file protein00.txt (compact mmCIF, C-alpha atoms and all ligand atoms)
# COMPACT_ATOMS: atom_id res chain seq x y z
CA MET J 1 -17.01 -10.05 -11.63
CA ARG J 2 -17.39 -7.12 -13.99
CA ALA J 3 -14.44 -4.70 -14.14
CA SER J 4 -16.32 -1.88 -12.42
CA ASP J 5 -17.35 -4.14 -9.50
CA SER J 6 -13.95 -3.74 -7.92
CA LEU J 7 -14.69 -0.03 -7.51
CA GLU J 8 -17.11 -0.94 -4.71
CA HIS J 9 -14.12 -2.28 -2.81
CA ILE J 10 -11.84 0.73 -3.28
CA LEU J 11 -11.89 3.76 -1.02
CA VAL J 12 -9.73 6.89 -1.18
CA VAL J 13 -9.33 8.80 2.07
CA GLN J 14 -7.16 11.63 3.23
CA GLY J 15 -5.35 11.13 6.52
CA ASP J 16 -2.73 9.35 8.55
CA ILE J 17 -2.36 5.64 7.81
CA THR J 18 -1.42 4.87 11.41
CA ARG J 19 -4.95 5.85 12.49
CA GLN J 20 -6.79 3.59 10.07
CA ASP J 21 -9.09 1.03 11.58
CA VAL J 22 -8.44 -1.81 9.12
CA ASP J 23 -7.13 -5.37 9.45
CA ALA J 24 -3.75 -4.41 7.96
CA ILE J 25 -1.85 -1.32 6.93
CA VAL J 26 0.93 -1.40 4.37
CA ASN J 27 4.26 0.19 5.20
CA ALA J 28 6.45 1.77 2.51
CA ALA J 29 9.61 0.36 4.08
CA ASN J 30 13.23 0.14 2.93
CA GLU J 31 15.18 -3.06 2.32
CA SER J 32 16.53 -3.21 5.87
CA LEU J 33 13.01 -3.19 7.36
CA LEU J 34 14.57 -1.40 10.31
CA GLY J 35 12.57 1.80 10.07
CA GLY J 36 13.13 5.05 8.24
CA SER J 37 11.56 8.39 7.57
CA GLY J 38 8.11 9.34 6.28
CA VAL J 39 5.33 6.81 6.62
CA ASP J 40 7.77 4.13 7.82
CA GLY J 41 8.84 6.32 10.75
CA ALA J 42 5.23 7.18 11.57
CA ILE J 43 4.22 3.50 11.61
CA HIS J 44 7.11 2.48 13.87
CA GLN J 45 6.40 5.40 16.17
CA ALA J 46 2.72 4.50 16.49
CA ALA J 47 3.23 0.73 16.73
CA GLY J 48 5.92 0.92 19.42
CA PRO J 49 9.30 -0.80 19.85
CA GLU J 50 7.99 -4.35 19.54
CA LEU J 51 7.47 -3.72 15.83
CA LEU J 52 11.16 -3.01 15.32
CA ALA J 53 12.06 -6.10 17.36
CA GLU J 54 9.92 -8.29 15.08
CA CYS J 55 11.28 -6.58 11.95
CA ARG J 56 14.85 -7.35 13.06
CA ARG J 57 14.02 -11.05 12.88
CA LEU J 58 12.81 -10.84 9.27
CA GLY J 59 16.22 -10.35 7.66
CA GLY J 60 15.20 -7.51 5.34
CA CYS J 61 13.07 -7.53 2.21
CA SER J 62 13.84 -7.09 -1.49
CA THR J 63 12.39 -4.31 -3.59
CA GLY J 64 8.94 -5.25 -4.87
CA GLN J 65 8.44 -7.95 -2.21
CA ALA J 66 6.47 -7.86 1.05
CA LYS J 67 6.68 -9.29 4.58
CA ILE J 68 4.15 -9.24 7.41
CA THR J 69 4.32 -8.46 11.12
CA GLN J 70 1.85 -7.78 13.86
CA GLY J 71 0.58 -4.24 14.39
CA TYR J 72 1.24 -3.97 18.16
CA ASN J 73 -0.09 -0.58 19.36
CA LEU J 74 -1.70 0.26 16.03
CA PRO J 75 -5.44 -0.11 15.50
CA ALA J 76 -4.53 -2.47 12.64
CA GLN J 77 -3.76 -6.06 13.63
CA TRP J 78 -1.12 -6.47 10.91
CA VAL J 79 1.52 -4.44 9.11
CA ILE J 80 2.56 -5.54 5.63
CA HIS J 81 6.00 -4.12 4.88
CA THR J 82 6.81 -3.66 1.23
CA VAL J 83 9.82 -2.03 -0.38
CA GLY J 84 9.07 0.36 -3.22
CA PRO J 85 11.57 1.19 -5.96
CA VAL J 86 13.67 4.34 -5.84
CA TRP J 87 12.80 6.45 -8.91
CA ARG J 88 15.81 6.58 -11.24
CA GLY J 89 14.21 8.08 -14.33
CA GLY J 90 11.80 5.31 -15.26
CA GLN J 91 14.10 3.00 -17.24
CA HIS J 92 15.10 0.77 -14.36
CA HIS J 93 11.98 -1.40 -13.96
CA GLU J 94 10.47 1.11 -11.56
CA ASP J 95 6.92 0.60 -12.87
CA GLU J 96 7.04 -3.21 -12.63
CA ARG J 97 8.62 -3.09 -9.19
CA LEU J 98 6.00 -0.69 -7.89
CA ALA J 99 3.20 -2.88 -9.29
CA SER J 100 4.89 -5.86 -7.64
CA CYS J 101 4.69 -4.10 -4.24
CA TYR J 102 0.92 -3.90 -4.55
CA GLN J 103 0.63 -7.47 -5.85
CA SER J 104 2.89 -8.93 -3.16
CA SER J 105 1.06 -7.05 -0.41
CA LEU J 106 -2.36 -8.17 -1.65
CA THR J 107 -1.19 -11.78 -2.03
CA LEU J 108 0.07 -11.78 1.56
CA ALA J 109 -3.19 -10.21 2.71
CA VAL J 110 -5.20 -13.02 1.12
CA GLU J 111 -2.90 -15.60 2.71
CA TYR J 112 -3.62 -14.09 6.15
CA LYS J 113 -7.37 -13.74 5.47
CA ILE J 114 -7.09 -9.98 5.77
CA ARG J 115 -10.31 -8.37 4.60
CA THR J 116 -9.57 -4.66 4.94
CA LEU J 117 -6.26 -3.16 3.93
CA ALA J 118 -4.86 0.39 3.70
CA PHE J 119 -2.04 1.47 1.37
CA PRO J 120 0.04 4.65 1.46
CA ALA J 121 1.30 6.11 -1.83
CA ILE J 122 4.35 3.81 -1.98
CA SER J 123 7.60 5.33 -3.34
CA THR J 124 6.11 8.81 -3.85
CA GLY J 125 7.91 10.45 -0.93
CA VAL J 126 11.65 10.18 -0.37
CA TYR J 127 11.90 7.57 -3.18
CA GLY J 128 10.79 10.22 -5.69
CA PHE J 129 8.36 8.26 -7.90
CA PRO J 130 6.17 10.75 -9.82
CA LEU J 131 2.85 10.87 -8.01
CA GLU J 132 0.43 10.55 -10.92
CA ARG J 133 2.35 7.71 -12.52
CA ALA J 134 2.51 5.89 -9.18
CA THR J 135 -1.19 6.48 -8.58
CA ARG J 136 -2.13 4.96 -11.95
CA ILE J 137 -0.03 1.88 -11.20
CA ALA J 138 -1.48 1.56 -7.69
CA ILE J 139 -5.10 1.76 -8.83
CA ALA J 140 -4.66 -0.42 -11.92
CA THR J 141 -2.84 -3.15 -10.01
CA VAL J 142 -5.33 -3.23 -7.14
CA ASN J 143 -8.22 -3.19 -9.61
CA VAL J 144 -6.92 -6.22 -11.52
CA PHE J 145 -6.23 -8.09 -8.28
CA LEU J 146 -9.68 -7.41 -6.82
CA ASP J 147 -11.30 -8.58 -10.04
CA GLN J 148 -9.67 -11.96 -9.51
CA SER J 149 -10.09 -12.40 -5.77
CA SER J 150 -13.05 -12.09 -3.46
CA VAL J 151 -11.30 -12.36 -0.08
CA ILE J 152 -10.47 -8.67 0.28
CA GLU J 153 -13.50 -6.53 1.04
CA GLN J 154 -11.90 -3.12 1.10
CA VAL J 155 -8.69 -1.52 -0.12
CA ARG J 156 -8.25 1.95 1.25
CA PHE J 157 -5.77 4.36 -0.35
CA VAL J 158 -4.66 6.75 2.35
CA CYS J 159 -3.52 10.08 0.95
CA PHE J 160 -1.31 12.35 2.97
CA GLY J 161 -2.29 15.79 1.74
CA ASP J 162 -4.53 17.43 -0.84
CA GLU J 163 -2.38 16.78 -3.90
CA ALA J 164 -2.35 13.03 -3.42
CA TYR J 165 -6.06 12.95 -2.55
CA GLU J 166 -7.05 14.89 -5.66
CA GLY J 167 -4.70 12.82 -7.81
CA TYR J 168 -6.21 9.54 -6.59
CA GLN J 169 -9.75 10.81 -7.13
CA SER J 170 -8.97 11.85 -10.67
CA VAL J 171 -7.26 8.57 -11.58
CA LEU J 172 -10.21 6.66 -10.11
CA ALA J 173 -12.61 8.70 -12.25
CA ASP J 174 -10.45 8.02 -15.34
CA THR J 175 -10.31 4.32 -14.59
CA PHE J 176 -13.96 3.77 -13.79
CA GLY J 177 -15.59 6.56 -15.76
CA ASN J 178 -19.15 7.25 -14.72
CA SER J 179 -19.67 3.98 -12.92
CA ARG J 180 -18.85 5.70 -9.64
P1 LIG M 1 8.96 6.19 0.07
O1 LIG M 1 10.33 6.07 0.65
O2 LIG M 1 8.38 4.87 -0.37
O3 LIG M 1 8.87 7.27 -0.97
P2 LIG M 1 7.72 7.93 2.08
O4 LIG M 1 7.32 7.57 3.45
O5 LIG M 1 8.81 8.95 1.92
O6 LIG M 1 8.05 6.56 1.34
O7 LIG M 1 6.45 8.45 1.29
C1 LIG M 1 5.44 7.64 0.77
C2 LIG M 1 4.13 8.38 0.84
O8 LIG M 1 3.59 8.30 2.16
C3 LIG M 1 4.22 9.87 0.51
O9 LIG M 1 3.18 10.19 -0.41
C4 LIG M 1 4.00 10.53 1.85
O10 LIG M 1 3.35 11.79 1.70
C5 LIG M 1 3.08 9.55 2.54
N1 LIG M 1 3.02 9.59 4.00
C6 LIG M 1 3.93 10.05 4.89
N2 LIG M 1 3.49 9.88 6.14
C7 LIG M 1 2.25 9.30 6.05
C8 LIG M 1 1.27 8.87 6.99
N3 LIG M 1 1.45 9.02 8.30
N4 LIG M 1 0.12 8.32 6.51
C9 LIG M 1 -0.08 8.16 5.19
N5 LIG M 1 0.81 8.53 4.25
C10 LIG M 1 1.97 9.09 4.67
call {"tool": "encode", "arguments": {"input": "protein00.txt", "output": "structure tokens"}}
result
Amino acid sequence: MRASDSLEHILVVQGDITRQDVDAIVNAANESLLGGSGVDGAIHQAAGPELLAECRRLGGCSTGQAKITQGYNLPAQWVIHTVGPVWRGGQHHEDERLASCYQSSLTLAVEYKIRTLAFPAISTGVYGFPLERATRIAIATVNVFLDQSSVIEQVRFVCFGDEAYEGYQSVLADTFGNSR
């Protein structure tokens, strides 16, 4: 596949990830996997209590790794829970750990034959990762992965608000130039 081919499989939308009609949504969880604020809280709220019950059986998740559960009351069949790094100034492997979240989630998706997948902007809320830096890592990592794998048909970046949406659009334009 040519580098720009993966662009056909990437979509940026503005909205609420819990409403996305995809095979799997990714949750920006914390290491306990027992729910939290932000997108994590919204996903648990929309999925219902059975999600928390399944998460309790998973025994947590390390930063940069991912685990999968069912989606219960969500439109998505699956939830991939990944734990983003807390931003501590950029010298504590934050970039690699964030990239690892995307890689681990995509690897799990392929294992489960998931064809459509939606990501939130992992770590850019309470965890404080600078939005543009996180966006570049998200798009670059997904791009490289899609170039090497043909199982996943669509990766949707779900932006919560104008700033994230515009940021993702501009990084996409930088990455793919005029091929869009
Ligand atoms: P983290 O702890 O990884 O920083 P947060 O949930 O605080 O996770 O924020 C991650 C990103 O998810 C932020 O950009 C936030 O605006 C966004 N977000 C919050 N709620 C939703 C939602 N319902 N759908 C999509 N994105 C959301």
call {"tool": "atom_distance", "arguments": {"input": "protein00.txt", "atom1": "CA of Pro120 in chain J", "atom2": "atom P2 of ligand LIG 1 (chain M)"}}
result
8.4 Å
call {"tool": "closest_residue", "arguments": {"input": "protein00.txt", "among": "J:Val26, J:Ile139, J:Cys61, J:Val151", "to": "Ala42 in chain J", "atoms": "all atoms listed in the file"}}
result
J:Val26
call {"tool": "residues_near_ligand", "arguments": {"input": "protein00.txt", "ligand": "ligand LIG 1 (chain M)", "cutoff": "8 Å", "atoms": "all atoms listed in the file", "output": "PyMOL selection string"}}
result
chain J and resi 15-18+28-30+36-43+83-86+119-129+131+158-161+164
call {"tool": "write_last_selection", "arguments": {"input": "protein00.txt", "atoms": "C-alpha atoms", "output": "PDB file, keeping the file's coordinate frame"}}
result
ATOM      1  CA  GLY J  15      -5.350  11.130   6.520  1.00  0.00           C
ATOM      2  CA  ASP J  16      -2.730   9.350   8.550  1.00  0.00           C
ATOM      3  CA  ILE J  17      -2.360   5.640   7.810  1.00  0.00           C
ATOM      4  CA  THR J  18      -1.420   4.870  11.410  1.00  0.00           C
ATOM      5  CA  ALA J  28       6.450   1.770   2.510  1.00  0.00           C
ATOM      6  CA  ALA J  29       9.610   0.360   4.080  1.00  0.00           C
ATOM      7  CA  ASN J  30      13.230   0.140   2.930  1.00  0.00           C
ATOM      8  CA  GLY J  36      13.130   5.050   8.240  1.00  0.00           C
ATOM      9  CA  SER J  37      11.560   8.390   7.570  1.00  0.00           C
ATOM     10  CA  GLY J  38       8.110   9.340   6.280  1.00  0.00           C
ATOM     11  CA  VAL J  39       5.330   6.810   6.620  1.00  0.00           C
ATOM     12  CA  ASP J  40       7.770   4.130   7.820  1.00  0.00           C
ATOM     13  CA  GLY J  41       8.840   6.320  10.750  1.00  0.00           C
ATOM     14  CA  ALA J  42       5.230   7.180  11.570  1.00  0.00           C
ATOM     15  CA  ILE J  43       4.220   3.500  11.610  1.00  0.00           C
ATOM     16  CA  VAL J  83       9.820  -2.030  -0.380  1.00  0.00           C
ATOM     17  CA  GLY J  84       9.070   0.360  -3.220  1.00  0.00           C
ATOM     18  CA  PRO J  85      11.570   1.190  -5.960  1.00  0.00           C
ATOM     19  CA  VAL J  86      13.670   4.340  -5.840  1.00  0.00           C
ATOM     20  CA  PHE J 119      -2.040   1.470   1.370  1.00  0.00           C
ATOM     21  CA  PRO J 120       0.040   4.650   1.460  1.00  0.00           C
ATOM     22  CA  ALA J 121       1.300   6.110  -1.830  1.00  0.00           C
ATOM     23  CA  ILE J 122       4.350   3.810  -1.980  1.00  0.00           C
ATOM     24  CA  SER J 123       7.600   5.330  -3.340  1.00  0.00           C
ATOM     25  CA  THR J 124       6.110   8.810  -3.850  1.00  0.00           C
ATOM     26  CA  GLY J 125       7.910  10.450  -0.930  1.00  0.00           C
ATOM     27  CA  VAL J 126      11.650  10.180  -0.370  1.00  0.00           C
ATOM     28  CA  TYR J 127      11.900   7.570  -3.180  1.00  0.00           C
ATOM     29  CA  GLY J 128      10.790  10.220  -5.690  1.00  0.00           C
ATOM     30  CA  PHE J 129       8.360   8.260  -7.900  1.00  0.00           C
ATOM     31  CA  LEU J 131       2.850  10.870  -8.010  1.00  0.00           C
ATOM     32  CA  VAL J 158      -4.660   6.750   2.350  1.00  0.00           C
ATOM     33  CA  CYS J 159      -3.520  10.080   0.950  1.00  0.00           C
ATOM     34  CA  PHE J 160      -1.310  12.350   2.970  1.00  0.00           C
ATOM     35  CA  GLY J 161      -2.290  15.790   1.740  1.00  0.00           C
ATOM     36  CA  ALA J 164      -2.350  13.030  -3.420  1.00  0.00           C
TER      37      ALA J 164
END
call {"tool": "closest_atom_pairs", "arguments": {"input": "protein00.txt", "of": "range 31-96 of chain J", "to": "range 114-117 of chain J", "cutoff": "10 Å", "atoms": "only C-alpha atoms", "output": "CSV"}}
result
residue,atom,partner,partner_atom,distance
J:Ala76,CA,J:Leu117,CA,8.9
J:Gln77,CA,J:Ile114,CA,9.4
J:Trp78,CA,J:Ile114,CA,8.6
J:Val79,CA,J:Leu117,CA,9.4
J:Ile80,CA,J:Leu117,CA,9.3
call {"tool": "closest_residue", "arguments": {"input": "protein00.txt", "among": "J:Val155, J:Leu52, J:Leu34, J:Leu172", "to": "Val22 in chain J", "atoms": "only C-alpha atoms"}}
result
J:Val155
